[in-house]
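Take a look at the structure below.
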Amino acid sequence: MNRAISRIFVVGAILFVALIANLTWIMVVRAAWFEDRPENKRGIAKELKIKRGELLGFDGSTIAGAVRRSGYYYRDYPQGTLAPQLLGYDSVRYGRSGIEQQLNDVLTGKSTDLGVQSWVDRILGRRPKGADVRLTLVPAVQKVAQKALAGQKGAVVVLDPRTGALIASASAPTYEPAALERRWARLSTDREAPLLDRPTQGLYPPGSAFKVVTAAAALDSGKVTPSTEFVDTGTYVVFGGKVTNYGGAVFGPNDFTTALTYSINTTFARVGNLLARRRLIAAMQRFGFYEVPPLPLPSGEVVASGRYGNKGLLGPDAFMDPLAVAWAACGQEQVLATPLQMALAAAAVANGGRVMKPYYTQEIVSAAGDVVLRAAPEQWLVAMKPATASTLSTMMQRVVNAGTGTAAALEGIQVAGKSGTAERGDGTNLAWFIAFAPADDPRVALAIVIEDTQSTGGELAAPLAGAVLKAALAQPALP
Amino acid sequence: MSRRNVELLFLVIAGAVSTMAYVSVYAGRFREIDRVSIIYGLIFVAIFFALHLLVRFALPQADPFLLPLTALLAAVGLTEIFRIRPALALTQGQWLLVGAALFVLTVLVVRDHMRLDRYRYLMGALGLALLVVTIVLGTTINGAKLWIHAFGMSIQPSEFAKLAIVVFLAGYLDDKKVMLSVPTRHVLGVPLPAAKYFGPLLVMWVLSLAMLVFMKDFGMALLYMSIFVALMYMATARIAYVVVGGGLFAAAAALAVGIVPHVQDRFDVWLDPWPRAASSGYQLLQSLFTIADGGVLGAGFGRGFLLYANRQPVVPDLQTDFIFAAIANEMGLLGAAGIVLLYLLFMWRGFRIAVFAPDGFSKLLAAGLAFAFGLQTFIILGGVTRLIPLTGITLPFVSYGGSSITANLMLVALLLMVSHRTNVVLGGSDLERRRLAERG
């Protein structure tokens, strides 16, 4: 009997050793792994005790503030809905996203940029205080951009072409950030995706707005000048298929400037094949396509533009037949772009061909009131030669003065732009407009896209673009 | 040093450790404390001092380690409950008082555990009745039907039934062990004794199946079935019983997983909690996160992150089934492993008493109780750490819950009685032997 009793004890002891081994596994070996799991909201909940830094607009007004209730801090939004998809959320239940996630260490005072908490503070249990972040977002412009989208689906991105500073970033449909947790179930399952930040994550066929990229490639290559002559018969037959104009229009003889002014597909299709696949794709890469724009956001919250296949982004070397090249030159085929990328394209023309790195942090102010970081604009890419940029700017001014973009014209301010209407095949259009102003000294560049419409870019998006440009240029100060 | 002085010394050490933990929690939430909490501390010390005096008087040769281990575990439990929800600590303190009273009653009324053997069928019937009452009148909490409401309290009769059934099995198996180990026929190569000796044991098996199906509680069924199989094995030294018993239980469990959705759900969560992180897997994952957050040294008593801003615990049922998550968070790996070792030590003392016990009934009783205690601990600790599927069962002496602490104090009383008799028989004074004989 004693032997059996001893054996049972040994089995029991082994089980207890297994418990301790498993505890070691959880608490030491895999501790960091558990901490990093997105399902683990303990870190967020703990940080509720830290006064989270505020997110301020460029004008210094509070966009996302911190209020204290019974020892814990919560976000409040004194200006209501203001770029909630870009700012993101900081929720014990649903985790973090957007700028709230990206700048969490700064906002919670943990970042070493803010100076290290002394051991005296730590022993005394003094909690770190978060630093405030002043964004480049201008609330007045942001509000106009959001109003432009009201009742529709789409996105607006407004940049300073000279610096890359993000002046406004609107996504519709939108939501009230203060009510996020309450309405999470509906917001997260809504087919219209109000939580999605369309400016950085919405992939759309750019349609004719893409012709700016094709034109830059053509002018840069020297194969085409603004006055190169083409003849349009309404149809361009290539590689067993054909390219036609929007609405079946026929333009007859046209030069390259006219082709951009009226968005003549057959001419751009011919130009596309004049350039051939390699030069067109190389130009796209110079604009930033095929790369994730360096806007500092959590991984996956900014996506690359480019040609997409069934399995996502295709490589720049993926095969294209001449018909594909022809349609791609018109911004159709498998080309998809984010509103941010299209705004960067407009900004490249505005800034003499140089693409600046997009950013949203104007400055970081520590809890002690010191400015610990100030924005330093950096160049990202060179999209085209300065001469090409200047020529293209003149051509884009004609689009607004005499072509498909007249609705974007402003009194006393020369606007340069390009419309786009991408047909989705389900009977609806995407209405695009990309623009910058004032044309001779551009301070604002933008892209706007409206989903699910029957109108064209020139009819629907151009006037909204004009309104946003006007509001931005009326600001006393821009980043 | 006499056994009782060793016990006193360790009780003082346990008391000192407990006081430090308590003061730490006190400091952690200084502003929310009142006089009541200081009274707790004094009551706690008084209870265990009283129990020590009783043992000194009634069971002087009993094992000196069990009572200090109990005190330490109870102190950790009370401290952690106080830390999570102060109001509950008062209730738990009252239950500790009730448990101590039942400990005293058990020692004074039973006097010698050998007397229990005479009432073995009565004990078996009592255990069975407690379980049947639970199945018939029970209330379902968290999907399992383990509680009955009576006199304004929730009682978990299965905790007490466990003791009664171990007493019954120890007596019955000691009596029939020879018959049970001599096979009269073979079925599929497995030697089986005559059917009539199997009857009561089949009742046990059916009972544990009924617990699985009607109480919807895998843990309790596993506990009872394992107690039964382990005692069979210890009585007969026939591994065949373990194989057959394990096989029967596995088959029953596989069936139950299919027909009892609650059990199925727990099993799925165990296999992969991540897709169910916001629903049925939430509790287990929060438990793992809380444990992982403890690190090597832990946050310190009263300093871990265990309560949300609204005072809700980070893991649902933190003060009962998941109290170990709170302990691991605040005491770290060293503290958590230390607690596991305390349980192992407790189990070791129990089995040691069994090995030295002079007669079969005492051996089986002590080993059965120690096994039940150890396995229950393993089931809940393994559950909250995802070593085995989670099932709601209390952590002896530590979890919040009156039935658990009361029943386990009675378990300690029984082990001490076996230990006292053993030591007296093996090396006690003539006076002690005479007294023991008078008791029987």
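The chains in the structure tokens are called A, B, ... from first to last as shown; in each chain the residues are counted from 1, and the ligands are counted from 1 in the order shown.
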
Alpha helix (DSSP H) per DSSP on the backbone: members of stretch 175-415 of chain B, as a ChimeraX atom specification: /B:175-181,195-210,218-236,239-259,261-271,282-292,323-356,360-384,402-415

A:Glu181 surroundings by only C-alpha atoms, 8 Å radius, close-in-sequence under 4 positions cut, as a ChimeraX atom specification: /A:91,93-94

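Near A:Ser6, within 10 Å and counting only C-alpha atoms, sit Met1, Asn2, Val10, Val11 and Gly12 of chain A; Met234, Trp348, Phe351, Arg352, Ala354, Val355 and Ala367 of chain B; same-chain residues fewer than 4 positions away were not included.
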
I need the chosen residues saved as a PDB file, in the first residue's frame, with C-alpha atoms.
ATOM      1  CA  MET A   1       0.000   0.000   0.000  1.00  0.00           C
ATOM      2  CA  ASN A   2       2.846   2.366   0.858  1.00  0.00           C
ATOM      3  CA  VAL A  10       5.231  11.380  -7.021  1.00  0.00           C
ATOM      4  CA  VAL A  11       2.667  11.852  -9.783  1.00  0.00           C
ATOM      5  CA  GLY A  12       1.164  14.732  -7.801  1.00  0.00           C
TER       6      GLY A  12
ATOM      7  CA  MET B 234      -3.627   2.810  -3.381  1.00  0.00           C
ATOM      8  CA  TRP B 348       3.659  15.957   1.139  1.00  0.00           C
ATOM      9  CA  PHE B 351       1.042  11.612   2.145  1.00  0.00           C
ATOM     10  CA  ARG B 352       3.775  11.268   4.744  1.00  0.00           C
ATOM     11  CA  ALA B 354      -0.459   8.131   5.212  1.00  0.00           C
ATOM     12  CA  VAL B 355       2.809   6.265   4.684  1.00  0.00           C
ATOM     13  CA  ALA B 367      -3.722   9.709   1.430  1.00  0.00           C
TER      14      ALA B 367
END

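Secondary structure of stretch 34-78 of chain A, strand (DSSP E or B) only (DSSP, backbone atoms): A:Leu55, A:Leu56, A:Thr62, A:Ile63, A:Ala64, A:Gly65, A:Ala66, A:Val67, A:Arg68, A:Arg69, A:Tyr72, A:Tyr73, A:Tyr74, A:Arg75, A:Asp76.
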
Return as a list in words the residues belonging to chain A that are within 7 Å of chain B, counting only C-alpha atoms. Met1, Asn2, Ala4, Ile5, Phe9, Ala13, Phe16, Leu19, Ile20, Leu23, Thr24, Ile26, Met27, Val28, Ala31, Phe34, Glu35, Glu39, Asn40, Lys46 and Tyr72 of chain A

Take the residues just selected and output them with N, CA and C atoms as a PDB file, in the first residue's frame.
ATOM      1  N   MET A   1       0.830  -1.202   0.000  1.00  0.00           N
ATOM      2  CA  MET A   1       0.000   0.000   0.000  1.00  0.00           C
ATOM      3  C   MET A   1       0.866   1.254   0.000  1.00  0.00           C
ATOM      4  N   ASN A   2       1.984   1.191   0.776  1.00  0.00           N
ATOM      5  CA  ASN A   2       2.846   2.366   0.858  1.00  0.00           C
ATOM      6  C   ASN A   2       3.469   2.729  -0.479  1.00  0.00           C
ATOM      7  N   ALA A   4       2.200   2.215  -3.450  1.00  0.00           N
ATOM      8  CA  ALA A   4       1.184   2.862  -4.285  1.00  0.00           C
ATOM      9  C   ALA A   4       0.965   4.305  -3.825  1.00  0.00           C
ATOM     10  N   ILE A   5       0.941   4.514  -2.503  1.00  0.00           N
ATOM     11  CA  ILE A   5       0.751   5.863  -1.970  1.00  0.00           C
ATOM     12  C   ILE A   5       1.896   6.773  -2.412  1.00  0.00           C
ATOM     13  N   PHE A   9       1.881  10.131  -4.820  1.00  0.00           N
ATOM     14  CA  PHE A   9       2.473  11.403  -4.405  1.00  0.00           C
ATOM     15  C   PHE A   9       3.461  11.906  -5.465  1.00  0.00           C
ATOM     16  N   ALA A  13       3.449  15.360  -7.309  1.00  0.00           N
ATOM     17  CA  ALA A  13       4.570  16.293  -7.253  1.00  0.00           C
ATOM     18  C   ALA A  13       4.984  16.718  -8.660  1.00  0.00           C
ATOM     19  N   PHE A  16       2.743  19.342  -9.890  1.00  0.00           N
ATOM     20  CA  PHE A  16       3.019  20.653  -9.275  1.00  0.00           C
ATOM     21  C   PHE A  16       4.267  21.286  -9.882  1.00  0.00           C
ATOM     22  N   LEU A  19       3.241  22.841 -12.960  1.00  0.00           N
ATOM     23  CA  LEU A  19       2.613  24.147 -12.698  1.00  0.00           C
ATOM     24  C   LEU A  19       3.663  25.244 -12.615  1.00  0.00           C
ATOM     25  N   ILE A  20       4.729  24.956 -11.891  1.00  0.00           N
ATOM     26  CA  ILE A  20       5.773  25.979 -11.712  1.00  0.00           C
ATOM     27  C   ILE A  20       6.487  26.238 -13.040  1.00  0.00           C
ATOM     28  N   LEU A  23       4.267  28.375 -15.038  1.00  0.00           N
ATOM     29  CA  LEU A  23       4.277  29.746 -14.503  1.00  0.00           C
ATOM     30  C   LEU A  23       5.519  30.489 -14.993  1.00  0.00           C
ATOM     31  N   THR A  24       6.643  29.810 -14.974  1.00  0.00           N
ATOM     32  CA  THR A  24       7.888  30.433 -15.437  1.00  0.00           C
ATOM     33  C   THR A  24       7.760  30.800 -16.905  1.00  0.00           C
ATOM     34  N   ILE A  26       5.006  31.501 -18.543  1.00  0.00           N
ATOM     35  CA  ILE A  26       4.102  32.641 -18.722  1.00  0.00           C
ATOM     36  C   ILE A  26       4.728  33.932 -18.198  1.00  0.00           C
ATOM     37  N   MET A  27       5.345  33.859 -17.021  1.00  0.00           N
ATOM     38  CA  MET A  27       5.724  35.095 -16.315  1.00  0.00           C
ATOM     39  C   MET A  27       7.103  35.613 -16.689  1.00  0.00           C
ATOM     40  N   VAL A  28       7.927  34.744 -17.253  1.00  0.00           N
ATOM     41  CA  VAL A  28       9.280  35.196 -17.607  1.00  0.00           C
ATOM     42  C   VAL A  28       9.520  35.063 -19.111  1.00  0.00           C
ATOM     43  N   ALA A  31       6.479  36.628 -21.072  1.00  0.00           N
ATOM     44  CA  ALA A  31       5.832  37.790 -20.452  1.00  0.00           C
ATOM     45  C   ALA A  31       5.693  38.943 -21.442  1.00  0.00           C
ATOM     46  N   PHE A  34       3.036  38.262 -24.054  1.00  0.00           N
ATOM     47  CA  PHE A  34       1.677  38.483 -23.553  1.00  0.00           C
ATOM     48  C   PHE A  34       1.379  39.976 -23.463  1.00  0.00           C
ATOM     49  N   GLU A  35       2.380  40.739 -23.061  1.00  0.00           N
ATOM     50  CA  GLU A  35       2.164  42.173 -22.891  1.00  0.00           C
ATOM     51  C   GLU A  35       1.844  42.838 -24.224  1.00  0.00           C
ATOM     52  N   GLU A  39      -4.902  41.899 -27.666  1.00  0.00           N
ATOM     53  CA  GLU A  39      -6.051  41.628 -26.783  1.00  0.00           C
ATOM     54  C   GLU A  39      -5.763  42.098 -25.360  1.00  0.00           C
ATOM     55  N   ASN A  40      -4.490  42.365 -25.069  1.00  0.00           N
ATOM     56  CA  ASN A  40      -4.109  42.741 -23.707  1.00  0.00           C
ATOM     57  C   ASN A  40      -4.229  44.254 -23.543  1.00  0.00           C
ATOM     58  N   LYS A  46      -3.686  50.806 -17.289  1.00  0.00           N
ATOM     59  CA  LYS A  46      -2.761  51.343 -16.297  1.00  0.00           C
ATOM     60  C   LYS A  46      -2.453  52.804 -16.595  1.00  0.00           C
ATOM     61  N   TYR A  72      -8.631  58.968 -12.483  1.00  0.00           N
ATOM     62  CA  TYR A  72      -8.255  58.443 -13.794  1.00  0.00           C
ATOM     63  C   TYR A  72      -8.526  59.514 -14.856  1.00  0.00           C
TER      64      TYR A  72
END

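Atom CA of B:Ala50 sits 25.6 Å away from atom CA of B:Leu365.
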
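Shell of stretch 59-73 of chain B at 7 Å, with only C-alpha atoms counted and residues fewer than 6 places along the chain excluded, is Arg3, Arg4, Val6, Glu7, Phe10, Leu11, Ala14, Ser18, Phe48, Leu342, Phe346, Phe397, Val398, Leu416, Met417, Ser419, His420, Asn423 and Val424 of chain B.
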
Would you pick out the contacts of stretch 400-407 of chain A at 10 Å or less, using only C-alpha atoms, so that residues sharing its chain but fewer than 4 positions from it are not included, and give the list as a VMD selection string? chain A and resid 258 to 263 395 to 396 414 to 420 433 to 435 456 to 467

Pull C-alpha atoms from the residues just selected and write them as a PDB file, in the first residue's frame.
ATOM      1  CA  THR A 258      -5.578  70.301 -74.659  1.00  0.00           C
ATOM      2  CA  ALA A 259      -5.502  66.563 -73.942  1.00  0.00           C
ATOM      3  CA  LEU A 260      -4.929  67.288 -70.244  1.00  0.00           C
ATOM      4  CA  THR A 261      -7.407  70.203 -70.223  1.00  0.00           C
ATOM      5  CA  TYR A 262     -10.254  67.996 -71.491  1.00  0.00           C
ATOM      6  CA  SER A 263      -8.872  64.733 -70.142  1.00  0.00           C
ATOM      7  CA  MET A 395      -1.124  72.881 -68.064  1.00  0.00           C
ATOM      8  CA  MET A 396      -3.029  72.217 -64.819  1.00  0.00           C
ATOM      9  CA  GLN A 414      -5.021  81.057 -59.663  1.00  0.00           C
ATOM     10  CA  VAL A 415      -5.774  77.389 -59.008  1.00  0.00           C
ATOM     11  CA  ALA A 416      -4.092  74.503 -60.831  1.00  0.00           C
ATOM     12  CA  GLY A 417      -5.827  71.141 -60.804  1.00  0.00           C
ATOM     13  CA  LYS A 418      -6.917  67.948 -62.490  1.00  0.00           C
ATOM     14  CA  SER A 419     -10.221  66.173 -62.317  1.00  0.00           C
ATOM     15  CA  GLY A 420     -10.784  62.449 -62.378  1.00  0.00           C
ATOM     16  CA  PHE A 433     -10.027  66.390 -57.935  1.00  0.00           C
ATOM     17  CA  ILE A 434      -6.409  67.148 -57.126  1.00  0.00           C
ATOM     18  CA  ALA A 435      -5.223  70.736 -57.008  1.00  0.00           C
ATOM     19  CA  THR A 456     -17.951  63.462 -62.533  1.00  0.00           C
ATOM     20  CA  GLY A 457     -14.899  64.793 -60.741  1.00  0.00           C
ATOM     21  CA  GLY A 458     -15.255  68.125 -62.494  1.00  0.00           C
ATOM     22  CA  GLU A 459     -18.914  68.502 -61.495  1.00  0.00           C
ATOM     23  CA  LEU A 460     -18.808  67.243 -57.921  1.00  0.00           C
ATOM     24  CA  ALA A 461     -15.235  67.229 -56.580  1.00  0.00           C
ATOM     25  CA  ALA A 462     -13.881  70.400 -58.260  1.00  0.00           C
ATOM     26  CA  PRO A 463     -16.213  72.897 -56.476  1.00  0.00           C
ATOM     27  CA  LEU A 464     -15.555  71.199 -53.131  1.00  0.00           C
ATOM     28  CA  ALA A 465     -11.814  71.383 -53.801  1.00  0.00           C
ATOM     29  CA  GLY A 466     -12.204  75.099 -54.534  1.00  0.00           C
ATOM     30  CA  ALA A 467     -14.039  75.664 -51.245  1.00  0.00           C
TER      31      ALA A 467
END

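Residues in contact with A:Thr267 at up to 9 Å, not including ones fewer than 6 positions away on its chain and judged by only C-alpha atoms, are Phe230, Val231, Asp232, Tyr236, Asn254, Asp255, Phe256, Ala259 and Leu260 of chain A.
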
Atom CA of A:Ala172 and atom CA of A:Leu159, how far apart in Å? 18.2 Å

Would you kindly return, as a ChimeraX atom specification, each protein, DNA or RNA residue with an atom no farther than 9 Å from any atom of A:Arg443, considering only C-alpha atoms and excluding same-chain residues fewer than 3 positions away? /A:159-162,350,436-439,472-473,478

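The two atoms in question, atom CA of B:Ile379 and atom CA of B:Leu202, are spaced 23.7 Å apart.
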